[in-house]
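Worksheet: one structure, shown below.
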Amino acid sequence: MIVPKNILFVDDEPNILAGLKRMLRSMRAEMSFYFAENSTEAQQYLAENAIDIVVADMRMPGMDGASLLAFIQKHYPQITRIMLTGHADDESVLRTVEVAHQFLTKPIEANTLKQTLQRSAALQDMMNSKALKSLVAGLGTLPSLPETYAKLEKQLRQPDCCLADVADIIEKDLAMSAKILQLVNSAFFGLYTHVDSPARAVNLLGLDTIKSLVLGLGIFAEMPVKSGPVFKVTELWHHSMMTAAFARAIASSASDSNDLAEQAFISGLLHDVGKLLLFANKQDAYEQAILQAREKKCPLQDEEQTLFGACHGEVGAYLIGLWGLPGPVVEGLMFHHRLHHYPEPGLCPALIVHIADVLYYQLEKQQDSPPALAYSTIKQAGLSDHLDQWTDICAEILARGEKDG
């Protein structure tokens, strides 16, 4: 049963709140709305009501929006945090980068606000585990490999720092890519378009902004734990990069759509980000899940579901959905292991990433129980005749990658 969501708006301008009330009148049957004129009043609402989503203005007397969202992140991590501001160019807004899931700008169109709230509400229903929901929603960033983090910092401090080199480093790190895509896809930087390529995102943000975000604010974090005896972080990175390359190649061979190719690429790059999140926060338990899956010769996602109440696909999809990445990318993470739940799958990121993921394990032959190819679904989509061609393409990419590595 889907429970109606409670949404809290915080803004010190009564006229803005009155406008929001009128704008959202048609949604009262599916959501309950609360309105606070300052952070003190908002904290009282939070203490007395089960709030699901907070939409806060940045500039308010006393505790401003950034401080309020930081307070919510600490004390109510399960709440979705959205910044709504008319001062997107103000340096103070940069303080919200690690505490806001999404950014909206004033004046906001009614449809944009309604769609944002509906999507955020749907994501709240996606995750059944309250503990994991709090863990994921409370995150401000994801951990990167220390050597990658150090390489980026060194590059940014060079007098002749090149944006192309910075983009190349970020695109090879799934944690950095996810964070950069979160920012560039928001209204925060005024781009108002979906961007699915980490390299393009870096170019759109520009070198000065990247330096401010990385060197000034430290939006990327080093991996808090090292690879364990069972889970190898470097292997996850290699698998993610290869799956992304496979997915882009498969999409390009089957369609002329650049959007599909980029969505497939980023879905492939991030498809296992849930594993990274679970391992970084629950290392011993996650390695136990891997060992049990090997012992039982069952898919890892089955053991994840048993131990954590959600599999890595759901965890990753929940995070990047909170961060506002495009729907097809979120679906690529959510359904790449369970296409049987996907409505009428065709040539979409979910199907492409599934194929790319399975082909990687088939070609590498490194996993005891590699995921099974959803052949019946692929046949239903009319794509089974392409499998041999895609296998050859991916084998060539893998060979080149191993040679270059």
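Following the order of the structure tokens, first chain is A, next is B, and so on, with residues numbered from 1 inside each chain and ligands from 1 in the order they appear.
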Give me the residues of stretch 348-401 of chain A that have any atom at most 9 Å from an atom of stretch 259-270 of chain A; for each, the nearest atom pair and the distance in Å, rounded to one decimal. Use only C-alpha atoms, sort by chain and number, and format it as JSON lines.
```
{"residue": "A:Cys348", "atom": "CA", "partner": "A:Leu260", "partner_atom": "CA", "distance": 7.3}
{"residue": "A:Pro349", "atom": "CA", "partner": "A:Ala264", "partner_atom": "CA", "distance": 4.7}
{"residue": "A:Ala350", "atom": "CA", "partner": "A:Ser267", "partner_atom": "CA", "distance": 7.9}
{"residue": "A:Ile352", "atom": "CA", "partner": "A:Ala264", "partner_atom": "CA", "distance": 6.6}
{"residue": "A:Val353", "atom": "CA", "partner": "A:Gly268", "partner_atom": "CA", "distance": 5.5}
{"residue": "A:His354", "atom": "CA", "partner": "A:Gly268", "partner_atom": "CA", "distance": 8.7}
{"residue": "A:Ala356", "atom": "CA", "partner": "A:Gly268", "partner_atom": "CA", "distance": 7.7}
{"residue": "A:Asp357", "atom": "CA", "partner": "A:Gly268", "partner_atom": "CA", "distance": 7.8}
```
Export C-alpha atoms of the chosen residues as a PDB file, in the first residue's frame?
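Writing done, so here's again.pdb:
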```
ATOM      1  CA  CYS A 348      16.416   0.734 -23.607  1.00  0.00           C
ATOM      2  CA  PRO A 349      19.249   1.318 -21.097  1.00  0.00           C
ATOM      3  CA  ALA A 350      17.922  -1.402 -18.756  1.00  0.00           C
ATOM      4  CA  ILE A 352      21.362  -2.827 -22.896  1.00  0.00           C
ATOM      5  CA  VAL A 353      23.094  -2.711 -19.497  1.00  0.00           C
ATOM      6  CA  HIS A 354      21.798  -6.192 -18.689  1.00  0.00           C
ATOM      7  CA  ALA A 356      26.614  -5.621 -21.364  1.00  0.00           C
ATOM      8  CA  ASP A 357      26.878  -6.806 -17.746  1.00  0.00           C
TER       9      ASP A 357
END
```
| Which of stretch 4-227 of chain A counts as strand (DSSP E or B) under DSSP, as a PyMOL selection string please? | chain A and resi 5-10+31-36+53-56+80-85+102-105+143-144+221-222
| said: Neighbouring residues of A:Ser39 were defined as those with any atom within 10 Å, considering only C-alpha atoms; residues of the same chain fewer than 2 positions away were excluded. Please report them as a list in words. | reply: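 Final neighbour list, sorted by chain and number: Val10, Asp11, Asp12, Ala36, Glu37, Glu41, Ala42, Gln43, Gln44, Tyr45, Ala56, Asp57, Met60, Pro61, Gly62, Met63, Asp64, Gly65, Ser67, Leu68, Leu69 and Phe71 of chain A.
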Selected residues, C-alpha atoms, written as an mmCIF file, in the first residue's frame, please.
```cif
data_model
loop_
_atom_site.group_PDB
_atom_site.id
_atom_site.type_symbol
_atom_site.label_atom_id
_atom_site.label_comp_id
_atom_site.auth_asym_id
_atom_site.auth_seq_id
_atom_site.Cartn_x
_atom_site.Cartn_y
_atom_site.Cartn_z
ATOM 1 C CA VAL A 10 10.159 26.451 4.024
ATOM 2 C CA ASP A 11 10.332 30.053 2.800
ATOM 3 C CA ASP A 12 10.398 33.362 4.656
ATOM 4 C CA ALA A 36 6.870 27.095 7.397
ATOM 5 C CA GLU A 37 8.143 30.692 7.290
ATOM 6 C CA GLU A 41 9.068 26.652 12.567
ATOM 7 C CA ALA A 42 10.283 23.990 10.133
ATOM 8 C CA GLN A 43 12.097 22.120 12.906
ATOM 9 C CA GLN A 44 8.886 22.068 14.909
ATOM 10 C CA TYR A 45 7.007 20.549 11.954
ATOM 11 C CA ALA A 56 13.648 24.894 1.391
ATOM 12 C CA ASP A 57 14.549 28.388 0.262
ATOM 13 C CA MET A 60 16.212 33.063 5.293
ATOM 14 C CA PRO A 61 16.929 35.005 8.500
ATOM 15 C CA GLY A 62 18.578 33.040 11.269
ATOM 16 C CA MET A 63 19.264 29.510 10.079
ATOM 17 C CA ASP A 64 19.398 29.645 6.265
ATOM 18 C CA GLY A 65 18.356 26.894 3.855
ATOM 19 C CA SER A 67 22.037 24.999 7.408
ATOM 20 C CA LEU A 68 18.495 23.656 7.650
ATOM 21 C CA LEU A 69 19.171 20.943 5.075
ATOM 22 C CA PHE A 71 20.371 19.706 10.109
#
```
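If only C-alpha atoms are the atoms counted, then among A:Thr148, A:Asn203, A:Asn258, A:Gln78 the closest residue to A:Met127 is A:Gln78.
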| note | note - atom CA of A:Gly327 and atom CA of A:Tyr342 are separated by 13.2 Å
| query | Excluding same-chain residues fewer than 6 positions from A:Trp390, what lies within 12 Å of it counting only C-alpha atoms, as a list of chain:residue names? | reply | A:Ala245, A:Phe246, A:Ala247, A:Arg248, A:Ala249, A:Ile250, A:Ala251, A:Ser252, A:Ser253, A:Ala254, A:Ile352, A:Ile355, A:Ala356, A:Val358, A:Leu359, A:Tyr360, A:Leu363, A:Leu383, A:Ser384, A:Glu396, A:Ile397
| field | Nearest-residue call for A:Ala317, choices A:Leu123, A:Cys162, A:Ala47, A:Val55, using only C-alpha atoms | value |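 Nearest to A:Ala317: A:Leu123.
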| said: Measuring between only C-alpha atoms, which one of A:Lys172, A:Arg22, A:His238, A:Lys133 shows the shortest distance to A:Asp52? | reply: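 Answer, going by the shortest atom-to-atom distance: A:Lys133.
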| Residue nearest A:Ala244 among A:Ile51, A:Leu322, A:Leu174, A:Ala110 (counting only C-alpha atoms) | A:Leu174
| message | Using Å and a single decimal, report how far atom CA of A:Val136 sits from atom CA of A:Lys282. | response |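 Computed distance, atom CA of A:Lys282 to atom CA of A:Val136, equals 12.2 Å.
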| said: Quick one: residues within 10 Å of A:Leu319, only C-alpha atoms, excluding same-chain residues fewer than 3 positions away - as a VMD selection string? | reply: chain A and resid 101 123 133 135 to 139 178 273 to 274 277 314 to 316 322 to 325 330
| request: Extract, using only C-alpha atoms, all DNA, RNA and protein residues at most 12 Å from A:Met27, discarding same-chain residues fewer than 6 positions from it, and format them as a VMD selection string. | output: chain A and resid 4 to 7 20 to 21 33 110 to 111 113 to 115 117 to 118
| request: Could you please determine the separation between atom CA of A:Lys179 and atom CA of A:Glu153 in Å, to one decimal place? | output: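 According to the coordinates, atom CA of A:Lys179 and atom CA of A:Glu153 are separated by 15.9 Å.
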| query | Out of stretch 89-272 of chain A, which residues get helix (DSSP H, G or I) from DSSP, as a VMD selection string? | reply | chain A and resid 91 to 96 110 to 126 130 to 137 146 to 156 163 to 171 174 to 184 187 to 189 198 to 205 207 to 216 233 to 254 258 to 270
